[in-house]
Each structure stands twice: as C-alpha cells, then as structure tokens.
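Inspection log for the structure reproduced underneath, given as structure tokens.
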Amino acid sequence: LHVNLIRSFSEWEKLPAQYPYFTNAGINYHFMMDFLAGNLEFLGLRIDFAYNVPSILAMTAFFCGVYECFFRLCGRKNYCHIVWLLVMFRSSWGFFRFLADNKGNLKDAFANNQTYMGATHNEWWGIYQSNALINQRHLIFGYAVAMFVVSLFLPYLIRGVNERREIRKQLPSAGENGVKRSGFGQWFSYLAEVFRREALPRKKVSVLTAVFAGVCLGMCGLFSAHSVIGALLILFVFAWFSSDQVSYLITAAIACAMTYTETALCTGSMNAFRIRFVKAWVLEDTSLTAVLKHFWLLFGLLIPVLIFWFIHTDAVRRIVLAASVLLFAFGFHVQMSPTMMQNHKYMLLAIYWFGILSGIALCGLITYGKKRASRILCILSAIVLFIPLTATGVYDFVLVLDKCRLTNSYRYESTPPFLTWARENGVTRNTLFLAPDNFIGMINIAGVQNYVGYHGFINDAGYDAEERDLIVTRILHASRDFQLIGAAEESGADYLVIQRRLRVNDEGLNEEIIASVFPKVFSLWDDVNEFSVYDLHGRVAAQ
C-alpha cells in the first residue's frame, strides 16, 4: 500500500505530494513516513531497508517511551518486560471464543484460519492488533513521540497531585472572625490557592520543556496527526491536576499551530478535517447494552483488572487511567478525520495505555505480600492473570508472522518490468495512469500517478471518487468509438491499465473496443491473465 507513495518521491520526485491512488486532489494522508523512506531510497538505500529500518528505530523509540512512562508511574526499573508484553499483546475474549467455536476440531481450525482474532464487529480486520503498526508505519513514529511527550509531563502531574493534597490540609476551616466557612467558601479558597501555586511555571526549565514538547508534537503532525491529538487529549486531563499548568498551554499552542501550518501548506486546505459526534461508530446497535457487551468482548479480563486496580491505586494512576478512557471514548464517538475508520488510531493508543496500567497492576501484585507464602500466591495469581490478558494478542502476532511467510505474502520484484518500461518511455511525475480496481501490483511498485485506483484505499484516505467513477465507467463500458475517445479526453489520463482484478470484477468491461481504438503499448502475461497498458493519446492505425 505504501510503496507507491514512497516510489512517487524516490522514482518520480513528485512534489508537492499527491496521493498516487487519487492524484491531482491534494493529499489527505499522513505521508511523512513515506517521504522519509522515499528520500532514503533516492539517496541509494534499498527500498526494503528504507522502509523497515526507520520503522525498527521508531518501534525501539516507542518501547523506550513505554518504559519511561512505566518508570515514572511505578518507580521500578525491573518488570518492564511484563509491561512491554501487555502493551503489544492485547487482552480480548476473541481467542477464547475461537477455542469455544472450534473445540471439536482445533487443529484444522488453527491450520486454516487467516483472520485476526476478535469477538466484536470488525475486530478481525486487525485494527487493534500489531497488524495496524505494520500497514501504517507512520503510527509507530506518532505513538513513540506521544509516549515521550506524555512522559515529560508526568512529573508535573505527580507534583500537582501531591501539592493539592497539602493545600487541602493547610486551608483553615474558619475565617478570621471565627465563623465557620461554607462549603462553597472552602471550595473557592481551595481553587484560588491552587491557581496561585500551580498555574504558572516555576522554573525556566518548565517553559523550555513545554516548548520542546510542543515542537516534538508539532513536527509529528504529518507523520500522524492522530497521535498529536491523542497526546493532547491525555495532557488535557493531566493539566487539571498538575503543577505548571501554563506549560501545558504552551505545548498545546505550539503543537496545534505547527500541525495546522504543516497541513495547510502540504495539503492546500483543511477541508478534509471536521469535528462531529458519531455515536459508537463501530457498532450497528448503539444501545447501552450493546455498547457494554462490545467493551466486555473487546477487552475481556482487562476490565475487571483495571477496575479493581483503580479502586486500590493512588490518585496519579487513577488520573492516567481516566485520561486513557477519555481518549478511547473520543475515538469511539468523535470524528475529526475524513473517515471514522481512522479513529481506530486513537483507540489503539488508548489500548496501549491500558496495557501500561495493567502491567503496573501486575507488577504491584507480584511484589505484594511480605511473607513468603503470600508472595508466592501473589506471583502465581499474576501468572494466571497474565495468560488470558495476552492470549489473543499473542495469537494475533503469530498470525502476522504467518502472513509474512513467503508462501502467504505478496511478492513483487523491486524493479518490475512495468517500471523499466515507464523509465524508458518518457513517463514523468505528471504522467497520469488510469488503473481502476488496482489493489496491489506492478503499478503500485512503480509509484506512478493514478487517476482513480482501488476504492478501499481511496475511501479510507477521505477522497470522494464519485465524479471520476462516472468517467471511468464511460471509458470501460463504451460501445462506440466516439464515446470512448470523449470519456478518455475528459479524464485527462495518459494511459489506461487493465489487469485481472478489473476483468474479473467488472462484467461490463468492453476491452475489445478499447483495444480497437487505443494502441497497447505494454503487455505482460502472468500465470493467470494479462497486464495491459493502453495509450489514450494514440490511435490504432486503420487496417
């Protein structure tokens, strides 16, 4: 999916950036990761290294950010491996429902299964699993920056919570004349004292930290704007209970200004982004019972573990859990992206925070108890909880590895024959191909510009292809020469690509008349069908 955007930079130097599946319409996509990989390939690095090495470095940074947040919240340097596992291998009842549904034939069920585990609507897509980080590498960069920035503010949260506790103790319960204050008076005095002590940064380093955090988030805008918004939502909750509250405002202002400016400059407009409320977008039944059932099936044993931990933990960790819940609720109900499908990125970041907090809960359980017998019992209880908390995620990861085996994965040459032909026949950054229903293949590996491609990619990136679809239909279904020529000229495309997916999926395709009007300039046969390219500017010579 991303290789065509990478190649549009490295092979054709396409700037300003365009979305190759729907070119000449700006770019609504988080393209900076692909721009980075494209520049690395342009400078000589092999494309698989250019794509994977930055991803590995970003993933390492993400794990470091998880550890930093765990350490600041828990104060422990050990047991961080437990937290990493709980972050990457999510909790769900999906695996256990799979076992129950196939208890009579588990061996064949595991051998034949090719979908991700899930007991809820659309969970099998892999949007809550490691698969999301594989096919959306920009998320790794965004999540790493989000974790790092949040970790910078955790000391302010801890200090603010502790100081508010002291302020409540120090406030007198009666006024100067000895008359007992009302509840409102006490509350007003408390708020005034909190504002006096906590609002302004106390040290120059607090301002510098805020500026640094804002710049880090702002630079992440074109890698993953969802990560910027997700981090700001978490910080919004922190700010109410923290010291140095103006530092949060500085960070948010810088991050929003940079992200807005980058988006306006690189996409040309902000029309693709809007805010509206959508009730439980992942569910068809949005009743309270259905929503609660959805959460229970989605998170499994994680829910009672976090509820019990919430009751017994301290105020700082409760606030972090509340911020994580708010982030998940935001992704569940609020649309800011061109499509609601993009909201799984907020929800996934929240799930990672749930993993950190459940890891802290298990670490506390492991170290609980002073006597040897009680300590052993607590450790065994942690192990018993750990298995169902990670089983679904572990199997999802095994399935990812299975999909990456050579026998199961898409495989293409890094320089396919079509790319060689394009290089030798005057194709430029502005040459426009029309490849409807193009999923993954040689045209994607080549990185050429596409008038309209595979609808799944177009719709998820927030483009409206209805007008172009009408033109494409007139080209593919034309019954007369003049109809075909007129529709081709209206599209402005230079070449038409027809391959197996289109021949199979479009029953109205009239390839015979296309071949009688436009010359076939490239043809390649595979084991199934022919990959054909027609020149829409040429004409077949009269016989």
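In the structure tokens, the first chain shown is A, the next is B, and so on; residue numbers restart at 1 for each chain, and ligands run from 1 in the order shown.
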
Residues of region 11-241 of chain A in alpha helix (DSSP H), written as a PyMOL selection string: chain A and resi 32-42+47-74+80-88+94-101+106-112+131-135+138-170+183-198+204-219+225-241

Writer output for current selection, C-alpha atoms, as a tab-separated table (two decimals), in the first residue's frame:
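Result file is part.tsv:
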```
chain	number	residue	atom	x	y	z
A	32	MET	CA	5.87	11.96	6.03
A	33	MET	CA	6.98	8.39	6.83
A	34	ASP	CA	6.74	7.52	3.13
A	35	PHE	CA	8.51	10.77	2.21
A	36	LEU	CA	11.36	9.80	4.56
A	37	ALA	CA	11.61	6.32	3.06
A	38	GLY	CA	11.44	7.80	-0.46
A	39	ASN	CA	14.32	10.13	0.27
A	40	LEU	CA	16.38	7.28	1.70
A	41	GLU	CA	15.80	5.22	-1.45
A	42	PHE	CA	16.59	8.25	-3.62
A	47	ILE	CA	13.66	0.24	-0.67
A	48	ASP	CA	13.01	-2.54	1.88
A	49	PHE	CA	15.75	-1.12	4.11
A	50	ALA	CA	14.49	2.43	3.52
A	51	TYR	CA	11.05	1.39	4.77
A	52	ASN	CA	11.93	-1.10	7.51
A	53	VAL	CA	14.99	0.39	9.19
A	54	PRO	CA	13.22	3.66	10.20
A	55	SER	CA	10.27	1.55	11.34
A	56	ILE	CA	12.52	-0.57	13.56
A	57	LEU	CA	14.16	2.54	15.04
A	58	ALA	CA	10.74	4.10	15.66
A	59	MET	CA	9.50	0.90	17.31
A	60	THR	CA	12.55	0.90	19.57
A	61	ALA	CA	11.78	4.52	20.48
A	62	PHE	CA	8.17	3.54	21.21
A	63	PHE	CA	9.29	0.81	23.61
A	64	CYS	CA	11.62	3.33	25.29
A	65	GLY	CA	8.67	5.72	25.67
A	66	VAL	CA	6.55	2.95	27.20
A	67	TYR	CA	9.35	2.16	29.65
A	68	GLU	CA	9.75	5.86	30.55
A	69	CYS	CA	6.03	6.20	31.35
A	70	PHE	CA	6.07	2.93	33.31
A	71	PHE	CA	9.12	4.02	35.32
A	72	ARG	CA	7.68	7.46	36.17
A	73	LEU	CA	4.36	5.95	37.25
A	74	CYS	CA	5.68	2.86	39.02
A	80	CYS	CA	9.31	-3.51	32.38
A	81	HIS	CA	9.31	-6.59	30.09
A	82	ILE	CA	5.91	-7.51	31.56
A	83	VAL	CA	4.58	-4.09	30.57
A	84	TRP	CA	6.01	-4.37	27.05
A	85	LEU	CA	4.26	-7.71	26.59
A	86	LEU	CA	0.95	-6.39	27.90
A	87	VAL	CA	1.23	-3.37	25.59
A	88	MET	CA	1.92	-5.40	22.47
A	94	GLY	CA	-11.52	-13.30	20.88
A	95	PHE	CA	-9.07	-16.16	21.32
A	96	PHE	CA	-11.25	-17.97	23.84
A	97	ARG	CA	-14.36	-17.58	21.69
A	98	PHE	CA	-12.36	-19.09	18.82
A	99	LEU	CA	-11.49	-22.05	21.04
A	100	ALA	CA	-15.13	-22.47	22.08
A	101	ASP	CA	-16.42	-22.27	18.49
A	106	LEU	CA	-8.99	-27.15	16.90
A	107	LYS	CA	-6.07	-28.47	14.84
A	108	ASP	CA	-7.75	-27.81	11.48
A	109	ALA	CA	-9.24	-24.54	12.73
A	110	PHE	CA	-5.82	-23.14	13.57
A	111	ALA	CA	-4.31	-24.50	10.36
A	112	ASN	CA	-6.95	-22.90	8.14
A	131	ASN	CA	-1.14	-5.50	12.14
A	132	ALA	CA	-2.10	-1.81	12.42
A	133	LEU	CA	1.54	-0.88	13.05
A	134	ILE	CA	2.70	-2.99	10.11
A	135	ASN	CA	0.49	-1.48	7.43
A	138	HIS	CA	3.52	6.37	10.46
A	139	LEU	CA	1.62	5.32	13.59
A	140	ILE	CA	4.82	3.98	15.16
A	141	PHE	CA	6.51	7.39	14.82
A	142	GLY	CA	3.44	9.13	16.20
A	143	TYR	CA	2.98	6.81	19.16
A	144	ALA	CA	6.67	7.00	20.06
A	145	VAL	CA	6.52	10.81	20.16
A	146	ALA	CA	3.21	10.75	22.07
A	147	MET	CA	4.63	8.45	24.76
A	148	PHE	CA	7.78	10.55	25.06
A	149	VAL	CA	5.89	13.85	25.38
A	150	VAL	CA	3.44	12.47	27.94
A	151	SER	CA	6.36	11.12	30.00
A	152	LEU	CA	7.80	14.67	30.18
A	153	PHE	CA	4.63	15.90	31.91
A	154	LEU	CA	4.15	13.01	34.33
A	155	PRO	CA	6.44	14.66	36.97
A	156	TYR	CA	4.19	17.77	36.84
A	157	LEU	CA	1.14	15.57	37.38
A	158	ILE	CA	2.73	13.77	40.33
A	159	ARG	CA	3.85	17.04	41.90
A	160	GLY	CA	0.46	18.68	41.32
A	161	VAL	CA	-1.48	15.84	42.95
A	162	ASN	CA	0.82	15.81	45.98
A	163	GLU	CA	0.70	19.60	46.39
A	164	ARG	CA	-3.09	19.72	46.13
A	165	ARG	CA	-3.23	17.25	48.98
A	166	GLU	CA	-1.06	19.60	51.04
A	167	ILE	CA	-3.16	22.62	50.09
A	168	ARG	CA	-6.31	20.92	51.35
A	169	LYS	CA	-4.60	20.19	54.67
A	170	GLN	CA	-3.31	23.75	55.09
A	183	GLY	CA	-18.65	24.52	51.62
A	184	PHE	CA	-18.63	26.95	48.70
A	185	GLY	CA	-16.25	29.26	50.53
A	186	GLN	CA	-13.88	26.42	51.29
A	187	TRP	CA	-14.01	25.26	47.68
A	188	PHE	CA	-13.41	28.77	46.35
A	189	SER	CA	-10.43	29.24	48.69
A	190	TYR	CA	-9.03	25.92	47.57
A	191	LEU	CA	-9.32	26.80	43.86
A	192	ALA	CA	-7.78	30.23	44.42
A	193	GLU	CA	-4.84	28.71	46.28
A	194	VAL	CA	-4.37	26.03	43.60
A	195	PHE	CA	-4.36	28.66	40.87
A	196	ARG	CA	-1.88	30.82	42.79
A	197	ARG	CA	0.54	27.96	43.35
A	198	GLU	CA	0.06	25.73	40.31
A	204	LYS	CA	12.74	28.38	33.30
A	205	VAL	CA	13.25	24.69	32.60
A	206	SER	CA	9.47	24.15	32.73
A	207	VAL	CA	8.96	26.63	29.90
A	208	LEU	CA	11.79	25.08	27.89
A	209	THR	CA	10.31	21.61	28.44
A	210	ALA	CA	6.92	22.86	27.26
A	211	VAL	CA	8.41	24.41	24.12
A	212	PHE	CA	10.44	21.28	23.39
A	213	ALA	CA	7.39	19.03	23.86
A	214	GLY	CA	5.28	21.28	21.63
A	215	VAL	CA	7.88	21.25	18.87
A	216	CYS	CA	8.18	17.45	19.07
A	217	LEU	CA	4.41	17.03	18.75
A	218	GLY	CA	4.21	19.70	16.05
A	219	MET	CA	6.87	18.03	13.92
A	225	ALA	CA	-1.92	13.86	13.37
A	226	HIS	CA	-3.99	11.32	15.32
A	227	SER	CA	-1.05	10.81	17.67
A	228	VAL	CA	-0.77	14.58	18.18
A	229	ILE	CA	-4.47	14.84	19.05
A	230	GLY	CA	-4.28	11.72	21.23
A	231	ALA	CA	-1.33	13.08	23.21
A	232	LEU	CA	-3.05	16.46	23.66
A	233	LEU	CA	-6.21	14.76	24.95
A	234	ILE	CA	-4.21	12.91	27.58
A	235	LEU	CA	-2.35	16.10	28.53
A	236	PHE	CA	-5.67	17.96	28.73
A	237	VAL	CA	-6.74	15.67	31.58
A	238	PHE	CA	-3.32	15.88	33.24
A	239	ALA	CA	-3.38	19.68	33.18
A	240	TRP	CA	-6.35	19.91	35.58
A	241	PHE	CA	-4.40	18.14	38.31
```

Region 304-315 of chain A surroundings by only C-alpha atoms, 8 Å radius, close-in-sequence under 2 positions cut, as a VMD selection string: chain A and resid 161 301 to 302 317 to 319 321 357 to 358 361

Any chance you can output those residues with C-alpha atoms as a PDB file, in the first residue's frame?
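What landed in part.pdb:
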```
ATOM      1  CA  VAL A 161      -1.476  15.837  42.946  1.00  0.00           C
ATOM      2  CA  LEU A 301     -10.397  -9.717  31.630  1.00  0.00           C
ATOM      3  CA  LEU A 302      -8.682  -6.334  31.347  1.00  0.00           C
ATOM      4  CA  ARG A 317      -2.575   6.474  38.354  1.00  0.00           C
ATOM      5  CA  ARG A 318      -6.336   6.975  38.548  1.00  0.00           C
ATOM      6  CA  ILE A 319      -5.943  10.210  36.599  1.00  0.00           C
ATOM      7  CA  LEU A 321      -6.474   5.724  33.626  1.00  0.00           C
ATOM      8  CA  LEU A 357      -1.535   0.376  33.512  1.00  0.00           C
ATOM      9  CA  SER A 358      -2.409  -3.324  33.625  1.00  0.00           C
ATOM     10  CA  ALA A 361      -1.140  -3.592  38.323  1.00  0.00           C
TER      11      ALA A 361
END
```

Per-residue DSSP, region 258-385 of chain A, filtered to strand (DSSP E or B), as a list in words: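 Here is the list: Arg276, Phe277, Val334 and Gln335 of chain A.
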
All residues 10 Å or closer to Ile127 (chain A), only C-alpha atoms, same chain fewer than 3 positions away omitted, as a PyMOL selection string: chain A and resi 116+122-124+130-133+135+341-345+347-348

Distance of CA of Val400 (chain A) from CA of Thr115 (chain A), expressed in Å to one decimal place: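 Straight-line distance from CA of Thr115 (chain A) to CA of Val400 (chain A) works out to 9.7 Å.
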
Among the residues A:Asp535, A:Asp506, A:Asp437, A:Asp244, the one that comes closest to Ile485 (chain A) [using only C-alpha atoms]: A:Asp535

Separation of CA of Thr339 (chain A) from CA of Phe295 (chain A), in Å and rounded to one decimal: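 These atoms are spaced 22.0 Å apart.
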
Selected residue, from A:Asp494, A:Glu13, A:Asp402, A:Glu530, that lies nearest to Gln114 (chain A) when counting only C-alpha atoms: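 The shortest atom-to-atom distance to Gln114 (chain A) comes from A:Asp402.
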
Point-to-point distance in Å for CA of Glu507 (chain A) and CA of Ala478 (chain A):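 Computing it gives 12.8 Å between the two atoms.
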
Closest of A:Asn113, A:Phe330, A:Tyr79, A:Asp464 to Val398 (chain A) - atom-to-atom distances counting only C-alpha atoms: A:Asn113

Contacts of Ile379 (chain A) within 10 Å, only C-alpha atoms, excl. fewer than 2 positions in-chain, as an MDAnalysis selection string: chainID A and resid 362:369 374:377 381:385
